[in-house]
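*Asks:* Can you keep this structure in mind? I'll have questions shortly.
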Amino acid sequence: MDGQNKIIIGAYWGDEGKGKIVDLLASEADWVVRFNGGDNAGHTIVANGKEVVLHVLPSGVVQGRNAAIGPDVFFNPKSFFADYESVIKAGFKISGRILIDERAHVIMPYHTAMDAGGGATEQLGTTKRGIGPVAKDKASRTEDITVSDLVGTGFKEKLNAVVAAKANELIGNRITTAAELNKYANEIYMQYVRYANELKKYVGSCAYELNEALASGKSLLLEGAQATLLDIVHGTRPFVTSSNCTAGGAAANLGIDIRKFRIIAVAKAYPTRVGEGSFPTELGNYEDAKKERKGETLTAAEKKKAIDGDLPLLGKWIRQDGREFGATTGRPRRTGFPDFVALRYSGMINGADEWAITKIDVLSGKPFKAAVAYEKDGKKTTRFPFKLEGWKPVYGRKEYFWPPMDENEKMAAVQKGYDALPQGMKEYVKDLAISTGAPVSMVSIGPEREMTVVKDALKRTAEYLK
Ligand code: GDP
Ligand code: IMO
Ligand code: MG
């Protein structure tokens, strides 16, 4: 990093590789901060030959940075400890401070049970981590449990009061029975009081700590979870998550001044989506994707068919090459052609200063197009509609293609910089920059930390915009 404060957010429907980019930038940040979502997030870091998937801890912990979990995060203690252990197990040290905001809301067993137990939100295809139910309790202001409650002396009374207030809901959802209600509350208490004892030392105020850090010249790296199109306000409702996933959301929810931050939007080279909801540029369909297993390979004949225009096969090829299976739930991710309409929208909503393009290596050897507009019933728009249903993509005339890079070519590009990337790839990056009006500061060509082309990227892509 360069001493500059940065906000990293996802531009599509999640899983853009935010974890990789945050890990890369973390080496020079003093604090890395998760500001939204909960353990519905799965952020993958590949470094020193190890892979770590984090759900609660910000990706910067792997680089030994101070790690903060902000007040708008839905905090699952069990996942926090699991993250902590997986970092240690992979051979990394957690050497920085850990700060968990006292205002964050705690995910309780009944939240996950409600999310996993079917009901009205079943059709959304959630991660079943209790995110919707805990967000609902947060909004109620009477049935919520904060981290402050959890580690406070009145936790037992608070928990009993909340369980009593929610009795009908818990019994109605068959989570417990009227006769077992007290026992149920007590079991949760026994489990959570142990967490509380372990967590106490980490609890504090992100607003004060982070603003003091900013004032003393320390640098902050804010790590978004989920992504703009899953944002509770600006996303593709109702198929969204329950928190703010945007750069503005980061500032509002941490209580920090957004003017002090550079905003980097992470755009996967092609969009993916897990769960339900419209997806205009989808290749193939979700029902077929659900039948697929990780590691299935395409035959040479199938690859040829995909190159010749079999789009469902191309979608499968991208899914398999990109290992597009959820880091949290293992579900196959739906894959699609790049969508400049969506990216332009995300760039606008976040005020993106620059793009980090990830997984561009996955598109190597595969011809593709990018959506530049949508149409429906003879109407055309370059805006991203609130209700996406029925809008079909209008593709630009250009077809992008470049042959796969071998390891030597990849290493050469990392060392020599942007100019050494394949011509077809640069053509795509150029059109993405022009379409969205923002330059590209990083091009990621592999999951490993070092497989990132940074040198000259911003300079060259800014030239496209002149
Ligand atoms: P996040 O939720 O945005 O942090 O992304 P995930 O970790 O859920 O999913 C991204 C996946 O892509 C992970 O498996 C990463 O290791 C992998 N990845 C990240 N960047 C690249 C890249 O440039 N190329 C390839 N091939 N894989 C990448
Ligand atoms: P990261 O941070 C991809 C999706 C779910 C579902 C919808 C609502 O790894 O990018 P929720 O459990 O939040 O109530 O589910 O949002 N979703 C994600 N998709 N990546 C994520 O996180 C996601 N977090 C939630 O699949 O469609
Ligand atoms: Mg993910």
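Chains: A, B, ... in order of the structure tokens. Residues: from 1 per chain. Ligands: from 1, in order shown.
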Please, which residues in chain A fall within 6 Å of ligand 2 when counting only C-alpha atoms and all ligand atoms, and what is the closest atom pair and distance in Å to one decimal for each, ordered by chain then residue number, as a tab-separated table?

*Replies:*
residue	atom	partner	partner_atom_place_in_ligand_line	distance
A:Trp13	CA	ligand 2	3 (C)	5.8
A:Gly14	CA	ligand 2	10 (O)	3.3
A:Asp15	CA	ligand 2	10 (O)	3.9
A:Asn40	CA	ligand 2	24 (N)	4.6
A:Ala41	CA	ligand 2	2 (O)	3.6
A:Gly42	CA	ligand 2	9 (O)	3.8
A:His43	CA	ligand 2	9 (O)	5.3
A:Leu124	CA	ligand 2	27 (O)	5.9
A:Gly125	CA	ligand 2	6 (C)	5.1
A:Thr126	CA	ligand 2	15 (O)	3.4
A:Thr127	CA	ligand 2	12 (O)	3.7
A:Lys128	CA	ligand 2	12 (O)	5.4
A:Arg129	CA	ligand 2	12 (O)	5.6
A:Ile131	CA	ligand 2	14 (O)	5.0
A:Gly132	CA	ligand 2	14 (O)	5.2
A:Ala225	CA	ligand 2	2 (O)	3.6
A:Gln226	CA	ligand 2	2 (O)	3.7
A:Leu230	CA	ligand 2	16 (O)	6.0
A:Phe239	CA	ligand 2	7 (C)	5.8
A:Val240	CA	ligand 2	7 (C)	4.8
A:Thr241	CA	ligand 2	13 (O)	3.9
A:Val274	CA	ligand 2	26 (O)	4.5
A:Gly275	CA	ligand 2	27 (O)	3.7
A:Glu276	CA	ligand 2	27 (O)	5.6

*Asks:* Restrict the selected residues to N, CA and C atoms and save them as a PDB file, in the first residue's frame.

*Replies:*
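See out_8.pdb below for the written result:
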ATOM      1  N   TRP A  13     -22.103  -9.870  -7.495  1.00  0.00           N
ATOM      2  CA  TRP A  13     -22.932 -10.540  -6.474  1.00  0.00           C
ATOM      3  C   TRP A  13     -22.059 -11.311  -5.489  1.00  0.00           C
ATOM      4  N   GLY A  14     -20.867 -10.845  -5.224  1.00  0.00           N
ATOM      5  CA  GLY A  14     -20.000 -11.503  -4.241  1.00  0.00           C
ATOM      6  C   GLY A  14     -18.990 -12.431  -4.885  1.00  0.00           C
ATOM      7  N   ASP A  15     -18.034 -12.862  -4.045  1.00  0.00           N
ATOM      8  CA  ASP A  15     -17.003 -13.817  -4.467  1.00  0.00           C
ATOM      9  C   ASP A  15     -16.140 -13.306  -5.613  1.00  0.00           C
ATOM     10  N   ASN A  40     -21.766 -15.272   6.600  1.00  0.00           N
ATOM     11  CA  ASN A  40     -22.237 -15.615   5.250  1.00  0.00           C
ATOM     12  C   ASN A  40     -21.108 -15.376   4.245  1.00  0.00           C
ATOM     13  N   ALA A  41     -20.156 -14.518   4.590  1.00  0.00           N
ATOM     14  CA  ALA A  41     -19.003 -14.239   3.732  1.00  0.00           C
ATOM     15  C   ALA A  41     -18.012 -15.393   3.780  1.00  0.00           C
ATOM     16  N   GLY A  42     -17.328 -15.626   2.661  1.00  0.00           N
ATOM     17  CA  GLY A  42     -16.223 -16.576   2.630  1.00  0.00           C
ATOM     18  C   GLY A  42     -15.130 -15.958   1.784  1.00  0.00           C
ATOM     19  N   HIS A  43     -14.039 -15.561   2.413  1.00  0.00           N
ATOM     20  CA  HIS A  43     -12.962 -14.853   1.710  1.00  0.00           C
ATOM     21  C   HIS A  43     -11.708 -15.727   1.693  1.00  0.00           C
ATOM     22  N   LEU A 124     -35.029 -17.325  -1.299  1.00  0.00           N
ATOM     23  CA  LEU A 124     -33.909 -16.432  -1.611  1.00  0.00           C
ATOM     24  C   LEU A 124     -32.602 -17.210  -1.810  1.00  0.00           C
ATOM     25  N   GLY A 125     -32.562 -18.419  -1.271  1.00  0.00           N
ATOM     26  CA  GLY A 125     -31.311 -19.189  -1.373  1.00  0.00           C
ATOM     27  C   GLY A 125     -30.221 -18.581  -0.512  1.00  0.00           C
ATOM     28  N   THR A 126     -30.535 -18.324   0.752  1.00  0.00           N
ATOM     29  CA  THR A 126     -29.541 -17.703   1.642  1.00  0.00           C
ATOM     30  C   THR A 126     -28.433 -18.698   1.990  1.00  0.00           C
ATOM     31  N   THR A 127     -27.438 -18.201   2.698  1.00  0.00           N
ATOM     32  CA  THR A 127     -26.347 -19.078   3.140  1.00  0.00           C
ATOM     33  C   THR A 127     -26.728 -19.841   4.417  1.00  0.00           C
ATOM     34  N   LYS A 128     -27.898 -19.575   4.941  1.00  0.00           N
ATOM     35  CA  LYS A 128     -28.400 -20.224   6.168  1.00  0.00           C
ATOM     36  C   LYS A 128     -27.534 -19.926   7.394  1.00  0.00           C
ATOM     37  N   ARG A 129     -26.956 -18.774   7.422  1.00  0.00           N
ATOM     38  CA  ARG A 129     -26.123 -18.396   8.560  1.00  0.00           C
ATOM     39  C   ARG A 129     -26.860 -17.513   9.567  1.00  0.00           C
ATOM     40  N   ILE A 131     -28.425 -14.653   8.957  1.00  0.00           N
ATOM     41  CA  ILE A 131     -28.217 -13.221   8.712  1.00  0.00           C
ATOM     42  C   ILE A 131     -29.539 -12.437   8.686  1.00  0.00           C
ATOM     43  N   GLY A 132     -30.516 -12.935   7.932  1.00  0.00           N
ATOM     44  CA  GLY A 132     -31.821 -12.257   7.879  1.00  0.00           C
ATOM     45  C   GLY A 132     -32.450 -12.174   9.269  1.00  0.00           C
ATOM     46  N   ALA A 225     -17.792  -7.248   2.621  1.00  0.00           N
ATOM     47  CA  ALA A 225     -18.270  -8.605   2.387  1.00  0.00           C
ATOM     48  C   ALA A 225     -19.493  -8.489   1.488  1.00  0.00           C
ATOM     49  N   GLN A 226     -19.876  -9.605   0.868  1.00  0.00           N
ATOM     50  CA  GLN A 226     -20.921  -9.590  -0.152  1.00  0.00           C
ATOM     51  C   GLN A 226     -20.534  -8.557  -1.223  1.00  0.00           C
ATOM     52  N   LEU A 230     -25.745  -7.212  -3.995  1.00  0.00           N
ATOM     53  CA  LEU A 230     -26.404  -7.901  -2.877  1.00  0.00           C
ATOM     54  C   LEU A 230     -26.734  -6.913  -1.761  1.00  0.00           C
ATOM     55  N   PHE A 239     -33.563 -10.455  -3.606  1.00  0.00           N
ATOM     56  CA  PHE A 239     -32.487 -11.461  -3.607  1.00  0.00           C
ATOM     57  C   PHE A 239     -31.159 -10.806  -3.205  1.00  0.00           C
ATOM     58  N   VAL A 240     -31.128 -10.320  -1.990  1.00  0.00           N
ATOM     59  CA  VAL A 240     -29.968  -9.590  -1.486  1.00  0.00           C
ATOM     60  C   VAL A 240     -29.661 -10.070  -0.072  1.00  0.00           C
ATOM     61  N   THR A 241     -28.610  -9.532   0.512  1.00  0.00           N
ATOM     62  CA  THR A 241     -28.317  -9.851   1.900  1.00  0.00           C
ATOM     63  C   THR A 241     -28.932  -8.761   2.794  1.00  0.00           C
ATOM     64  N   VAL A 274     -24.449 -16.883  -6.393  1.00  0.00           N
ATOM     65  CA  VAL A 274     -24.970 -18.068  -5.693  1.00  0.00           C
ATOM     66  C   VAL A 274     -26.315 -17.690  -5.119  1.00  0.00           C
ATOM     67  N   GLY A 275     -27.227 -18.628  -5.068  1.00  0.00           N
ATOM     68  CA  GLY A 275     -28.562 -18.294  -4.592  1.00  0.00           C
ATOM     69  C   GLY A 275     -29.422 -17.842  -5.766  1.00  0.00           C
ATOM     70  N   GLU A 276     -30.659 -17.493  -5.432  1.00  0.00           N
ATOM     71  CA  GLU A 276     -31.636 -17.180  -6.480  1.00  0.00           C
ATOM     72  C   GLU A 276     -31.543 -15.720  -6.916  1.00  0.00           C
TER      73      GLU A 276
END

*Asks:* Ligand 1: which residues are within 9 Å, counting only C-alpha atoms and all ligand atoms, as a PyMOL selection string?

*Replies:* chain A and resi 9-10+14-22+41-46+51-55+59+224-227+266+268-269+321-328+357-362+443-449+451-452

*Asks:* Considering only C-alpha atoms, tabulate each residue of stretch 241-307 of chain A that lies at most 12 Å from stretch 368-373 of chain A along with its nearest interatomic pair and the corresponding distance in Å to one decimal; arrange the rows by chain and ascending residue number and present them as CSV.

*Replies:*
residue,atom,partner,partner_atom,distance
A:Ala269,CA,A:Ala370,CA,10.2
A:Tyr270,CA,A:Ala370,CA,9.0
A:Pro271,CA,A:Ala370,CA,10.7
A:Phe279,CA,A:Ala371,CA,11.8
A:Pro280,CA,A:Ala371,CA,9.0
A:Thr281,CA,A:Ala371,CA,7.3
A:Glu282,CA,A:Ala371,CA,10.9
A:Leu283,CA,A:Phe368,CA,10.9
A:Ala306,CA,A:Phe368,CA,10.4
A:Ile307,CA,A:Phe368,CA,8.9

*Asks:* Could you turn the residues from that selection into a file that holds C-alpha atoms, as a PDB file, in the first residue's frame?

*Replies:*
ATOM      1  CA  ALA A 269     -13.607 -10.727 -14.924  1.00  0.00           C
ATOM      2  CA  TYR A 270     -17.024 -12.409 -15.233  1.00  0.00           C
ATOM      3  CA  PRO A 271     -19.948 -12.239 -12.811  1.00  0.00           C
ATOM      4  CA  PHE A 279     -28.892 -12.718 -13.679  1.00  0.00           C
ATOM      5  CA  PRO A 280     -29.165 -11.143 -17.155  1.00  0.00           C
ATOM      6  CA  THR A 281     -25.903 -12.430 -18.653  1.00  0.00           C
ATOM      7  CA  GLU A 282     -26.115 -15.924 -17.121  1.00  0.00           C
ATOM      8  CA  LEU A 283     -24.652 -18.735 -19.230  1.00  0.00           C
ATOM      9  CA  ALA A 306     -18.217 -24.110 -26.098  1.00  0.00           C
ATOM     10  CA  ILE A 307     -15.845 -22.100 -28.311  1.00  0.00           C
TER      11      ILE A 307
END

*Asks:* Can you list, as a PyMOL selection string, all residues belonging to stretch 63-277 of chain A that DSSP tags as helix (DSSP H, G or I)?

*Replies:* chain A and resi 63+77-89+109-116+120-124+131-140+147-151+155-165+167-172+181-202+206-215+228-230+247-254+258-260

*Asks:* Residues at most 9 Å from A:Ala352, counting only C-alpha atoms, excluding those fewer than 5 positions away in the same chain, as an MDAnalysis selection string?

*Replies:* chainID A and resid 247 262:265 346:347 438

*Asks:* For those residues, write C-alpha atoms to a file as a PDB file, in the first residue's frame.

*Replies:*
ATOM      1  CA  ALA A 247     -18.329   2.079   0.206  1.00  0.00           C
ATOM      2  CA  ARG A 262      -9.683   5.676  -1.893  1.00  0.00           C
ATOM      3  CA  ILE A 263     -12.379   3.356  -3.176  1.00  0.00           C
ATOM      4  CA  ILE A 264     -11.354   0.195  -4.978  1.00  0.00           C
ATOM      5  CA  ALA A 265     -14.124  -1.874  -6.505  1.00  0.00           C
ATOM      6  CA  SER A 346     -21.670  -0.438  -9.148  1.00  0.00           C
ATOM      7  CA  GLY A 347     -18.975   2.082  -9.999  1.00  0.00           C
ATOM      8  CA  ALA A 438     -12.685   4.374 -14.006  1.00  0.00           C
TER       9      ALA A 438
END

*Asks:* Tell me, which residues of stretch 34-70 of chain A carry DSSP strand (DSSP E or B), written as a list in words?

*Replies:*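 Reading the DSSP output for stretch 34-70 of chain A, strand (DSSP E or B) covers Arg34, His43, Thr44, Ile45, Val46, Ala47, Lys50, Glu51, Val52, Val53, Leu54, Asn66, Ala67, Ala68 and Ile69 of chain A.
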
*Asks:* Can you write just those residues out, C-alpha atoms, as a PDB file, in the first residue's frame?

*Replies:*
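Contents of selection.pdb, freshly written:
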ATOM      1  CA  ARG A  34     -14.637  -5.892   8.286  1.00  0.00           C
ATOM      2  CA  HIS A  43     -12.962 -14.853   1.710  1.00  0.00           C
ATOM      3  CA  THR A  44     -10.122 -16.961   0.344  1.00  0.00           C
ATOM      4  CA  ILE A  45      -6.447 -16.151   0.757  1.00  0.00           C
ATOM      5  CA  VAL A  46      -3.700 -18.115  -0.940  1.00  0.00           C
ATOM      6  CA  ALA A  47      -0.234 -17.303   0.372  1.00  0.00           C
ATOM      7  CA  LYS A  50      -1.454 -22.311   1.945  1.00  0.00           C
ATOM      8  CA  GLU A  51      -5.123 -21.545   1.494  1.00  0.00           C
ATOM      9  CA  VAL A  52      -7.199 -19.977   4.253  1.00  0.00           C
ATOM     10  CA  VAL A  53     -10.912 -19.199   4.037  1.00  0.00           C
ATOM     11  CA  LEU A  54     -12.114 -16.534   6.456  1.00  0.00           C
ATOM     12  CA  ASN A  66      -4.537  -5.231  13.484  1.00  0.00           C
ATOM     13  CA  ALA A  67      -7.997  -6.580  12.754  1.00  0.00           C
ATOM     14  CA  ALA A  68     -11.293  -4.913  13.579  1.00  0.00           C
ATOM     15  CA  ILE A  69     -14.853  -6.165  13.309  1.00  0.00           C
TER      16      ILE A  69
END

*Asks:* When distances are computed from only C-alpha atoms and all ligand atoms, which of A:Lys89, A:Thr329, A:Gly248, A:Asp288 shows the smallest separation from ligand 3?

*Replies:*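 Closest residue, counting only C-alpha atoms and all ligand atoms: A:Thr329.
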
*Asks:* What is the atom CA of A:Ile7 to atom CA of A:Phe261 distance in Å?

*Replies:*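 It comes out at 6.4 Å.
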
*Asks:* Taking into account only C-alpha atoms and all ligand atoms, which residue in the set A:Gln415, A:Gln63, A:Thr436, A:Thr272 is nearest to ligand 3?

*Replies:*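 Of A:Gln415, A:Gln63, A:Thr436, A:Thr272, the one nearest ligand 3 is A:Thr272, counting only C-alpha atoms and all ligand atoms.
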
*Asks:* For A:Val163, work out the shell of residues within 9 Å, counting only C-alpha atoms and skipping chain neighbours fewer than 2 positions away, then give it as a ChimeraX atom specification.

*Replies:* /A:143,158-161,165-167,170,181-182,184-185

*Asks:* May I ask which of the residues A:Ala433, A:Val56, A:Ile171, A:Ile318 is the closest one to ligand 3, counting only C-alpha atoms and all ligand atoms?

*Replies:*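 Once distances to ligand 3 are computed over only C-alpha atoms and all ligand atoms, the minimum belongs to A:Val56.
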
*Asks:* Which residues, written as a list of chain:residue names, have at least one atom at most 6 Å from stretch 249-260 of chain A, with only C-alpha atoms counted and residues fewer than 3 positions away on the same chain left out?

*Replies:*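 Those residues are A:Phe35, A:Asp72, A:Ala207, A:Asn244, A:Thr246.
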
*Asks:* Interatomic distance between atom CA of A:Lys426 and atom CA of A:Phe340?

*Replies:*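 That distance, rounded to one decimal, is 15.6 Å.
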